[in-house]
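Shown next, in structure tokens, is the structure this report addresses.
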Amino acid sequence: MDSGTEIVTLCKGTECELVCVGYRRARLKEVIFGIIVVLSLGVLYLVTYWKPVWRVVLTCVPCRLCHADRVVLKDSTGGVFIEEIIIVDLTDGSFLDGVVDYTYTAHQRTASSSDDHSSLTLRTRVLLKYFDHKHVRYVWKEDSNGFVKLSGLDVGVKCQEMCENYHGLGALERVNKQSLYGANSILIEVKSYIRLFFEEVLNPFYIFQIFSVTLWFCDSYYIYAACIIVISTISLGVELYEIRKQREALRDMVASAETNVSVFQPNGEIVEIESHDLVPGDVIVIPARGSMMLCDAVLVAGNAIVDEGMLTGESVPVTKCPLAPTDADEIYSPEIHKRNTLFCGTRVIQTRYYGDAKVKAVVVRTGFSTAKGELVRSILFPKELMFGFYADAFKFVIFLAIIAAVGMIYICVNLVLHKASTRDIVLNMLDIVTVAVPPALPAAMTVGTIFAQNRLKKAGIFCISPQRINLGGKIQCFCFDKTGTLTEEGLDLWAVIPVKNRSFLAPVLEPHLLPPEEHLVKGMATCHSLTVIEKELSGDPLDLKMFNSINWVLEEAGSETAKFDLLMPTVVKPIIHSAYSIDESNVAMVESPFEIGIVRQFTFSSGLQRMSVVVRMLGVDHMDVYTKGAPEKIAALCNPETIPDEFQGTLHKYAAQGLRVIAVATKSLDPKISWHQIQRISRDVVESDLSFVGLLIMENKLKPETSPVIQQLKRASINTVMVTGDNILTAISVARHCSMIGDDERLVTVTAQPPEGDTPASIKWEEEGSSKEEGSTTSTTSENDYGAIQSYQSSNVITDLCLRYRFAMSGRTFGIIHKYFPDLIPKIALGGVVFARMTPDQKSKLVEDLQSLGFYVGMCGDGANDCGALRMADVGISLSEAEASVASPFTSKTANISCVPTVIREGRAALTTSFAAFRFMALYSIIQFVTVLILISDNTKLSDFMFLYADLMIITILAVLMGRSAAYEHLVAKRPSSRLSSANNIIGVMIHIVFIVLFQLTTFFYTHSQPWYEAPVITGELDSKSMDTTSIFYTSSFQYLILAFALSKGPPYRQRIWNNVPFLLWLVLMVILTLVLVIYPPPFMVSILKLDLFPSLAFNLTLVGMSGINLLFVLLFEDFILHNHSFKNCSKRTFCIAEKQKLYRKLQNETDLDVNWPPVGEVTTARDHEGIWHVGLDIS
């Protein structure tokens, strides 16, 4: 590159990091390129179509970004993309509000003329320059002299500014912003069939097929060429139909009807605009009866009840409340403030507002920048699969191409010596390429995956990314969400435990018997996000169970709420039996005057792990606060004098039994605080100095399928990990009960603390007992974190990952270790078994950490908070409805984890079939290649119908039917191989080649040795009817069938060959037909195939016997030698190949040798992020 070239990194340090280089068009290079394209008959154009960056290099010159008209981008996976730079002229805009930061000026001299003279005038232009990459816009910023990723109001905007400074946009400002942000729409392009046809036909696979078919027609091989055309046309038609159908389905799924939206003008007036005209900064009105959100917007006034099932899989209504900044410098973030944000693609069911006020929201993101847009982009541009099988397959094809080149030279020399015509020499040289590199190879490799996908569909498991089925066969670690995945979705309220005088009372199994004046009861009645939708109480299942258990009723805003305050939205009150009722079967229900109005709600935050409400009782002059959430979080907010002394022991007792524990606290507010002040008060002020009032004990039962599946996975050497947002003690208990942690396995807790003042960050390691009996764990543990360590000693658990230690920790500890002890993360990820209180981002990060160790990782979740991890995993399985987790590669209709072994078994079967199909097709090409070379040395060749018999009747049909092999019923500990380039496979192929050459040469020379043998007459043309041709044809036909049988091995990954009935029947039929051709061929077959019959039946039987010996050799090698451990080691030594050891194996070896790992009973401390040491501390 010249000195003017600059290489810039965009979005450095993020997942979307791009290396950017600028180019500009060069007229001379474009002309030269066009001439070469014409002279090469379009070959150069085709090559640069496959490699667009080459076209850029050949037609453009590198330059600085400020002068570029296109950019070449390289992402973190090595993918290269070319994007055109677009320049928009905004000179005629009257003002540039909203876009001035992204514009720059350019001066242009223009000619002006008058009657007297002409002159040059300097004209200043205001320009906007950008390029789009994967539906993300990068805009030129003059001050930074580079492109930056365009963001809306979701980056760098203070919450206070969002609430106070955004009152609406004027028409001109909106037009300017539309130039910058583009239309607010998520449009999925559905290409026409014509365009799809040309894009597919220009694929290298189809180009090679076109080349092969053309060559076959020139060589008069019409029938097979016609068959390939028919098969390819049907295949292409089905492929185009499926591509378009999937794209149309995606388009219909994400499409939203264009509607008019009410927006505020700066003067407060409300006008209607089309939804695609919305831009960040618009203030929209949310209709009272709800609507579909077409952008991301943050609520600044009023409440909204939203169904977010499309994005999260969580179908229960979620209450959204207005943004209320707690700090003047608090920065708005859609992730942190998701309870205040209405996301695109979600449906607002209804709104709540006060008086005549409108429910208002400020638009923060539009189009593909929204949450829905990000989800759609992840589907359109999935993570590139880093799977060695496909890379090895490409290398093997190159190897076959090299063999073809050698064959071309051999054929050229022989035909020149035989004085063949130039046309015959060229045709035969090119034909050997189609023999050595079979055009049907890629198709044969995908057949097994297609059949596996269909079998999964029949099992109620839908796959939108078929390539990941093969990845399922390599899974080594599987992560599971807990609630709704391992355990039942719904929680049952087992009991409540009130607190009195700093002591827990006896558990109350029927909470409705408690007096309504109890603080615990009032907290259960008010601290929730329930709402009435179409006269039905709706909301979180946990809240529903809690509220229904106390026999209270909830009323939405109405005339009755006026006695509290005109602005109060919701009232709750108990229902009691009438004292005057005599007939118990006809009980009259009388409403009590004991009523509570919910003044303000601080919705549940997964980060804070709690929710709060501010309420006022009828007839009381002050307001009260009720808070519920994770016990350890609530206890930290309470006055220590109100917390029972036995808090830790009681919490441990119930959580260790697998029960979910929720704490409730309260406090009274100053009577002077008014309603208007409450609407502005910060959450931190409300949730402080609370009084502890009791515990709710919820029961979450294991699904009946969970334990058997976990045990099955562990027997199959698949590590199982729990990743949940629940309490860590509950998670450990569930892990024990489902056998994720065995009875004989040790438990170690990992608790991390961030630095405070001069105290550095630290990690405490504590060992617990391993008893599975309820409540039997005896360790005194931190209130924030509990953990587990496992020692896999039994051979039936993990054969290639025999861990001495396993860990459990909370998301808080996980985050601290990531920040202050990053060197420990590989060991933590390697040994982790329970990760509790994990946020969605932390779940994704854990999956990424496991992948960085060399694991192929699966993730199974119910869709709620798991979408990121499902996308990140190599195999993500959602148990929610398909539309609730469209980013997940797999979606199961069966809402339990029994689908996981099914996906893995089908993945192993598909991978084994793909591997076998590749070897079959590659060795078939070698057989035919050797056949052609042997015959051409004798100036002969196979007849067209001999080729047709082998290519169509044997190879094509058997290759397709081979893919029907179903998955084996059981999972075994050993995973199938996927490395075609392994030393073992290379040696295996070479030995098969030796068998092929040995038996074909034996046949050739044995035929020549017969007294009745007649040598072919050497002329200028190849003879297709000779004794050599016939004998070699017989032997090669048997070799095809032998390989098909030998490579259709059944267990432990596929069912036995006789279970694949169509394959077995066709194989037997072809064996019988071939035997008939050898021993007693029908006259019409002799004529069609151009067989030159032998005068000796004994010779024919000898050929059959030789093929039988060939069969024994191949079976002996495939079944007893190839997979033998000693043979594998010998193969590695032969090629001097040391198998690359996975990082997790290296780590395991290191930890096995390290007697001080983990430092149980010690505290690990970090200072200044430099060095890690252990300070011995007895904490037993």
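Here's how to read the names in the structure tokens: chain A, B, ... by the order shown, residue numbers from 1 in each chain, ligand numbers from 1 in the order shown.
Within 9 Å of Leu1147 (chain A), once only C-alpha atoms are used and residues closer than 2 positions along the same chain are dropped, the contacting residues are A:Pro826, A:Lys827, A:Leu830, A:Leu853, A:Lys1142, A:Leu1143, A:Tyr1144, A:Arg1145, A:Asn1149, A:Glu1150, A:Thr1151, A:Asp1152.
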In Å, how far is it from CA of Thr650 (chain A) to CA of Val834 (chain A)?
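Taking CA of Thr650 (chain A) as the start and CA of Val834 (chain A) as the end point, the length is 21.5 Å.
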Leu1043 (chain A) environment, 10 Å, only C-alpha atoms, sequence neighbours closer than 4 positions dropped, as an MDAnalysis selection string
chainID A and resid 916 919:921 923:924 992 1038:1039 1047:1048 1111 1114:1115 1118
For Asp431 (chain A): contacts at 12 Å, only C-alpha atoms, fewer than 2 positions along chain excluded, given as a PyMOL selection string:
chain A and resi 208+211-221+404-405+407-408+411-412+423-429+433-439+928-929+932-933+941
Keeping only N, CA, C and O atoms, write the selected residues as a compact mmCIF listing (two decimals), in the first residue's frame.
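As written to disk, out-v8.txt reads:
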```txt
# COMPACT_ATOMS: atom_id res chain seq x y z
N PHE A 208 -18.57 -25.92 -10.97
CA PHE A 208 -17.85 -27.16 -11.25
C PHE A 208 -18.78 -28.19 -11.88
O PHE A 208 -18.38 -28.95 -12.76
N PHE A 211 -19.24 -27.22 -15.48
CA PHE A 211 -18.03 -27.61 -16.19
C PHE A 211 -18.05 -29.12 -16.47
O PHE A 211 -17.76 -29.57 -17.59
N SER A 212 -18.41 -29.90 -15.44
CA SER A 212 -18.40 -31.36 -15.60
C SER A 212 -19.44 -31.81 -16.61
O SER A 212 -19.16 -32.65 -17.48
N VAL A 213 -20.65 -31.27 -16.53
CA VAL A 213 -21.72 -31.66 -17.46
C VAL A 213 -21.36 -31.29 -18.89
O VAL A 213 -21.57 -32.07 -19.83
N THR A 214 -20.80 -30.09 -19.07
CA THR A 214 -20.37 -29.67 -20.41
C THR A 214 -19.33 -30.62 -20.97
O THR A 214 -19.39 -31.03 -22.15
N LEU A 215 -18.40 -30.99 -20.11
CA LEU A 215 -17.36 -31.91 -20.53
C LEU A 215 -17.93 -33.27 -20.90
O LEU A 215 -17.55 -33.89 -21.92
N TRP A 216 -18.88 -33.75 -20.12
CA TRP A 216 -19.49 -35.06 -20.39
C TRP A 216 -20.27 -35.06 -21.70
O TRP A 216 -20.26 -36.04 -22.44
N PHE A 217 -20.95 -33.96 -21.98
CA PHE A 217 -21.65 -33.86 -23.27
C PHE A 217 -20.65 -33.89 -24.42
O PHE A 217 -20.90 -34.53 -25.45
N CYS A 218 -19.53 -33.19 -24.25
CA CYS A 218 -18.52 -33.19 -25.30
C CYS A 218 -17.92 -34.59 -25.49
O CYS A 218 -17.49 -34.94 -26.59
N ASP A 219 -17.92 -35.38 -24.42
CA ASP A 219 -17.35 -36.72 -24.47
C ASP A 219 -18.43 -37.77 -24.73
O ASP A 219 -18.20 -38.97 -24.51
N SER A 220 -19.62 -37.31 -25.15
CA SER A 220 -20.74 -38.18 -25.49
C SER A 220 -21.26 -39.01 -24.31
O SER A 220 -21.84 -40.07 -24.48
N TYR A 221 -21.04 -38.52 -23.10
CA TYR A 221 -21.53 -39.20 -21.90
C TYR A 221 -22.89 -38.58 -21.54
O TYR A 221 -23.07 -37.99 -20.48
N ALA A 404 -5.56 -35.19 -9.24
CA ALA A 404 -6.10 -35.02 -10.59
C ALA A 404 -5.05 -34.43 -11.53
O ALA A 404 -4.94 -34.83 -12.70
N ALA A 405 -4.26 -33.48 -11.01
CA ALA A 405 -3.22 -32.86 -11.84
C ALA A 405 -2.17 -33.90 -12.25
O ALA A 405 -1.71 -33.92 -13.41
N GLY A 407 -2.76 -37.08 -12.51
CA GLY A 407 -3.43 -37.93 -13.49
C GLY A 407 -3.48 -37.30 -14.87
O GLY A 407 -3.37 -38.00 -15.89
N MET A 408 -3.67 -35.98 -14.92
CA MET A 408 -3.72 -35.29 -16.21
C MET A 408 -2.39 -35.44 -16.95
O MET A 408 -2.36 -35.69 -18.17
N ILE A 411 -2.10 -39.07 -18.21
CA ILE A 411 -2.97 -39.30 -19.37
C ILE A 411 -2.41 -38.63 -20.61
O ILE A 411 -2.40 -39.21 -21.72
N CYS A 412 -1.91 -37.43 -20.45
CA CYS A 412 -1.36 -36.69 -21.60
C CYS A 412 -0.18 -37.47 -22.21
O CYS A 412 -0.11 -37.64 -23.43
N ARG A 423 -8.09 -33.45 -29.62
CA ARG A 423 -9.39 -33.33 -28.95
C ARG A 423 -9.54 -34.39 -27.88
O ARG A 423 -9.97 -34.11 -26.76
N ASP A 424 -9.17 -35.64 -28.19
CA ASP A 424 -9.28 -36.72 -27.22
C ASP A 424 -8.35 -36.50 -26.03
O ASP A 424 -8.71 -36.80 -24.88
N ILE A 425 -7.16 -35.99 -26.32
CA ILE A 425 -6.20 -35.74 -25.23
C ILE A 425 -6.77 -34.71 -24.26
O ILE A 425 -6.77 -34.90 -23.04
N VAL A 426 -7.29 -33.59 -24.80
CA VAL A 426 -7.84 -32.52 -23.95
C VAL A 426 -9.05 -33.01 -23.17
O VAL A 426 -9.17 -32.78 -21.95
N LEU A 427 -9.98 -33.70 -23.85
CA LEU A 427 -11.19 -34.18 -23.18
C LEU A 427 -10.85 -35.16 -22.07
O LEU A 427 -11.42 -35.10 -20.96
N ASN A 428 -9.94 -36.08 -22.33
CA ASN A 428 -9.60 -37.07 -21.31
C ASN A 428 -8.82 -36.45 -20.15
O ASN A 428 -8.97 -36.88 -19.00
N MET A 429 -8.00 -35.45 -20.44
CA MET A 429 -7.28 -34.75 -19.37
C MET A 429 -8.26 -34.00 -18.46
O MET A 429 -8.13 -34.04 -17.23
N VAL A 433 -10.29 -34.81 -14.09
CA VAL A 433 -10.57 -33.88 -12.98
C VAL A 433 -11.91 -34.21 -12.35
O VAL A 433 -12.07 -34.25 -11.13
N THR A 434 -12.93 -34.47 -13.19
CA THR A 434 -14.26 -34.80 -12.67
C THR A 434 -14.29 -36.18 -12.04
O THR A 434 -15.17 -36.49 -11.25
N VAL A 435 -13.31 -37.02 -12.41
CA VAL A 435 -13.21 -38.34 -11.78
C VAL A 435 -12.56 -38.22 -10.40
O VAL A 435 -13.05 -38.79 -9.42
N ALA A 436 -11.47 -37.48 -10.31
CA ALA A 436 -10.73 -37.36 -9.06
C ALA A 436 -11.45 -36.49 -8.04
O ALA A 436 -11.37 -36.72 -6.83
N VAL A 437 -12.16 -35.47 -8.51
CA VAL A 437 -12.91 -34.58 -7.61
C VAL A 437 -14.39 -34.71 -7.98
O VAL A 437 -14.89 -33.99 -8.84
N PRO A 438 -15.11 -35.63 -7.36
CA PRO A 438 -16.51 -35.88 -7.75
C PRO A 438 -17.39 -34.66 -7.50
O PRO A 438 -17.38 -34.10 -6.40
N PRO A 439 -18.16 -34.23 -8.49
CA PRO A 439 -19.02 -33.05 -8.33
C PRO A 439 -20.08 -33.22 -7.25
O PRO A 439 -20.55 -32.24 -6.67
N GLN A 928 -12.21 -44.98 -9.11
CA GLN A 928 -12.44 -44.69 -10.52
C GLN A 928 -11.21 -44.07 -11.16
O GLN A 928 -10.90 -44.33 -12.34
N PHE A 929 -10.48 -43.27 -10.38
CA PHE A 929 -9.25 -42.64 -10.87
C PHE A 929 -8.22 -43.72 -11.22
O PHE A 929 -7.61 -43.70 -12.30
N VAL A 932 -9.31 -45.67 -14.36
CA VAL A 932 -9.08 -44.93 -15.61
C VAL A 932 -7.60 -44.95 -15.98
O VAL A 932 -7.23 -45.18 -17.15
N LEU A 933 -6.72 -44.73 -15.00
CA LEU A 933 -5.27 -44.70 -15.30
C LEU A 933 -4.77 -46.07 -15.75
O LEU A 933 -3.94 -46.17 -16.67
N LYS A 941 -10.76 -47.86 -22.13
CA LYS A 941 -11.51 -47.05 -21.17
C LYS A 941 -12.83 -47.74 -20.87
O LYS A 941 -13.28 -48.63 -21.61
```
Residue set, region 356-558 of chain A restricted to helix (DSSP H, G or I), as a ChimeraX atom specification:
/A:367-369,371-380,388-417,422-436,441-458,467-472,511-513,519-526,541-548
Residue neighbourhood region 490-501 of chain A, 10 Å, only C-alpha atoms, exclusion window fewer than 4 positions, as number ranges by chain
A: 483-484, 505-511, 514, 518-521, 540-546, 548-549, 641-644, 659-664, 692-701
Go ahead and dump the residues you just picked, N, CA and C atoms, as a CSV table (one decimal), in the first residue's frame.
```
chain,number,residue,atom,x,y,z
A,483,THR,N,-34.8,-22.7,36.6
A,483,THR,CA,-36.3,-22.6,36.7
A,483,THR,C,-36.9,-22.7,35.3
A,484,GLY,N,-37.8,-23.7,35.1
A,484,GLY,CA,-38.5,-23.9,33.9
A,484,GLY,C,-37.8,-24.8,32.9
A,505,LEU,N,-41.2,-17.3,63.7
A,505,LEU,CA,-42.3,-18.1,64.2
A,505,LEU,C,-42.4,-19.4,63.4
A,506,ALA,N,-43.3,-20.2,63.8
A,506,ALA,CA,-43.5,-21.5,63.1
A,506,ALA,C,-44.0,-21.2,61.7
A,507,PRO,N,-43.6,-22.1,60.7
A,507,PRO,CA,-44.1,-21.9,59.3
A,507,PRO,C,-45.6,-22.0,59.3
A,508,VAL,N,-46.2,-21.1,58.5
A,508,VAL,CA,-47.6,-21.0,58.4
A,508,VAL,C,-47.9,-21.6,57.0
A,509,LEU,N,-48.6,-22.7,56.9
A,509,LEU,CA,-48.9,-23.4,55.6
A,509,LEU,C,-50.1,-22.8,54.9
A,510,GLU,N,-50.9,-22.1,55.6
A,510,GLU,CA,-52.1,-21.5,55.0
A,510,GLU,C,-52.1,-20.0,55.3
A,511,PRO,N,-51.4,-19.2,54.5
A,511,PRO,CA,-51.3,-17.7,54.8
A,511,PRO,C,-52.6,-16.9,54.9
A,514,LEU,N,-53.7,-15.8,58.4
A,514,LEU,CA,-53.0,-14.7,59.1
A,514,LEU,C,-53.9,-13.5,59.1
A,518,GLU,N,-51.1,-8.0,59.5
A,518,GLU,CA,-49.7,-8.5,59.6
A,518,GLU,C,-48.9,-7.8,58.4
A,519,HIS,N,-47.7,-7.3,58.8
A,519,HIS,CA,-46.9,-6.7,57.7
A,519,HIS,C,-46.5,-7.7,56.6
A,520,LEU,N,-46.3,-8.9,57.0
A,520,LEU,CA,-46.0,-9.9,56.0
A,520,LEU,C,-47.1,-10.1,55.0
A,521,VAL,N,-48.4,-10.1,55.5
A,521,VAL,CA,-49.5,-10.3,54.6
A,521,VAL,C,-49.7,-9.0,53.7
A,540,ASP,N,-46.5,-12.3,36.9
A,540,ASP,CA,-45.5,-13.3,37.2
A,540,ASP,C,-46.1,-14.5,38.0
A,541,PRO,N,-45.9,-15.7,37.6
A,541,PRO,CA,-46.5,-16.9,38.3
A,541,PRO,C,-46.2,-16.9,39.8
A,542,LEU,N,-45.0,-16.5,40.2
A,542,LEU,CA,-44.7,-16.4,41.6
A,542,LEU,C,-45.5,-15.4,42.3
A,543,ASP,N,-45.7,-14.2,41.7
A,543,ASP,CA,-46.6,-13.2,42.3
A,543,ASP,C,-48.1,-13.7,42.4
A,544,LEU,N,-48.5,-14.4,41.3
A,544,LEU,CA,-49.9,-14.9,41.4
A,544,LEU,C,-50.1,-15.9,42.5
A,545,LYS,N,-49.1,-16.8,42.7
A,545,LYS,CA,-49.2,-17.8,43.8
A,545,LYS,C,-49.3,-17.1,45.1
A,546,MET,N,-48.4,-16.1,45.2
A,546,MET,CA,-48.3,-15.4,46.5
A,546,MET,C,-49.6,-14.6,46.8
A,548,ASN,N,-52.7,-15.0,45.5
A,548,ASN,CA,-53.9,-15.9,45.6
A,548,ASN,C,-53.9,-16.6,46.9
A,549,SER,N,-52.7,-16.8,47.6
A,549,SER,CA,-52.7,-17.6,48.8
A,549,SER,C,-53.3,-16.8,50.0
A,641,GLU,N,-31.0,-4.7,63.7
A,641,GLU,CA,-31.7,-5.0,64.9
A,641,GLU,C,-33.0,-5.7,64.7
A,642,THR,N,-33.5,-5.7,63.4
A,642,THR,CA,-34.7,-6.3,63.1
A,642,THR,C,-34.5,-7.7,62.5
A,643,ILE,N,-33.3,-8.1,62.2
A,643,ILE,CA,-33.0,-9.4,61.6
A,643,ILE,C,-32.9,-10.5,62.6
A,644,PRO,N,-33.6,-11.5,62.5
A,644,PRO,CA,-33.5,-12.6,63.5
A,644,PRO,C,-32.1,-13.2,63.6
A,659,LEU,N,-35.7,-25.4,48.3
A,659,LEU,CA,-36.8,-24.5,48.4
A,659,LEU,C,-36.3,-23.1,48.0
A,660,ARG,N,-37.2,-22.4,47.4
A,660,ARG,CA,-36.8,-21.0,47.0
A,660,ARG,C,-37.3,-20.1,48.1
A,661,VAL,N,-36.4,-19.3,48.6
A,661,VAL,CA,-36.7,-18.4,49.8
A,661,VAL,C,-36.7,-16.9,49.3
A,662,ILE,N,-37.8,-16.2,49.7
A,662,ILE,CA,-37.9,-14.8,49.4
A,662,ILE,C,-38.2,-14.1,50.7
A,663,ALA,N,-37.5,-13.0,50.9
A,663,ALA,CA,-37.6,-12.2,52.1
A,663,ALA,C,-38.5,-11.0,51.8
A,664,VAL,N,-39.2,-10.5,52.9
A,664,VAL,CA,-40.1,-9.4,52.8
A,664,VAL,C,-39.7,-8.4,54.0
A,692,PHE,N,-37.2,-6.1,58.9
A,692,PHE,CA,-37.4,-7.4,58.4
A,692,PHE,C,-38.7,-8.0,58.9
A,693,VAL,N,-39.6,-8.5,58.0
A,693,VAL,CA,-40.9,-9.0,58.5
A,693,VAL,C,-41.1,-10.5,58.3
A,694,GLY,N,-40.3,-11.2,57.4
A,694,GLY,CA,-40.6,-12.6,57.3
A,694,GLY,C,-40.1,-13.1,56.0
A,695,LEU,N,-40.3,-14.4,55.8
A,695,LEU,CA,-39.9,-15.2,54.6
A,695,LEU,C,-41.0,-15.9,53.9
A,696,LEU,N,-40.9,-15.9,52.6
A,696,LEU,CA,-41.9,-16.8,51.8
A,696,LEU,C,-41.1,-18.0,51.4
A,697,ILE,N,-41.6,-19.2,51.6
A,697,ILE,CA,-40.9,-20.4,51.1
A,697,ILE,C,-41.7,-20.9,49.9
A,698,MET,N,-41.0,-20.9,48.8
A,698,MET,CA,-41.6,-21.4,47.6
A,698,MET,C,-41.0,-22.7,47.2
A,699,GLU,N,-41.8,-23.6,46.7
A,699,GLU,CA,-41.4,-25.0,46.3
A,699,GLU,C,-41.3,-25.1,44.8
A,700,ASN,N,-40.1,-25.5,44.3
A,700,ASN,CA,-39.9,-25.6,42.9
A,700,ASN,C,-39.4,-27.0,42.6
A,701,LYS,N,-40.3,-27.8,42.1
A,701,LYS,CA,-40.0,-29.3,41.9
A,701,LYS,C,-39.2,-29.6,40.7
```
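The two atoms in question, CA of Leu1112 (chain A) and CA of Ile1032 (chain A), are spaced 19.2 Å apart.
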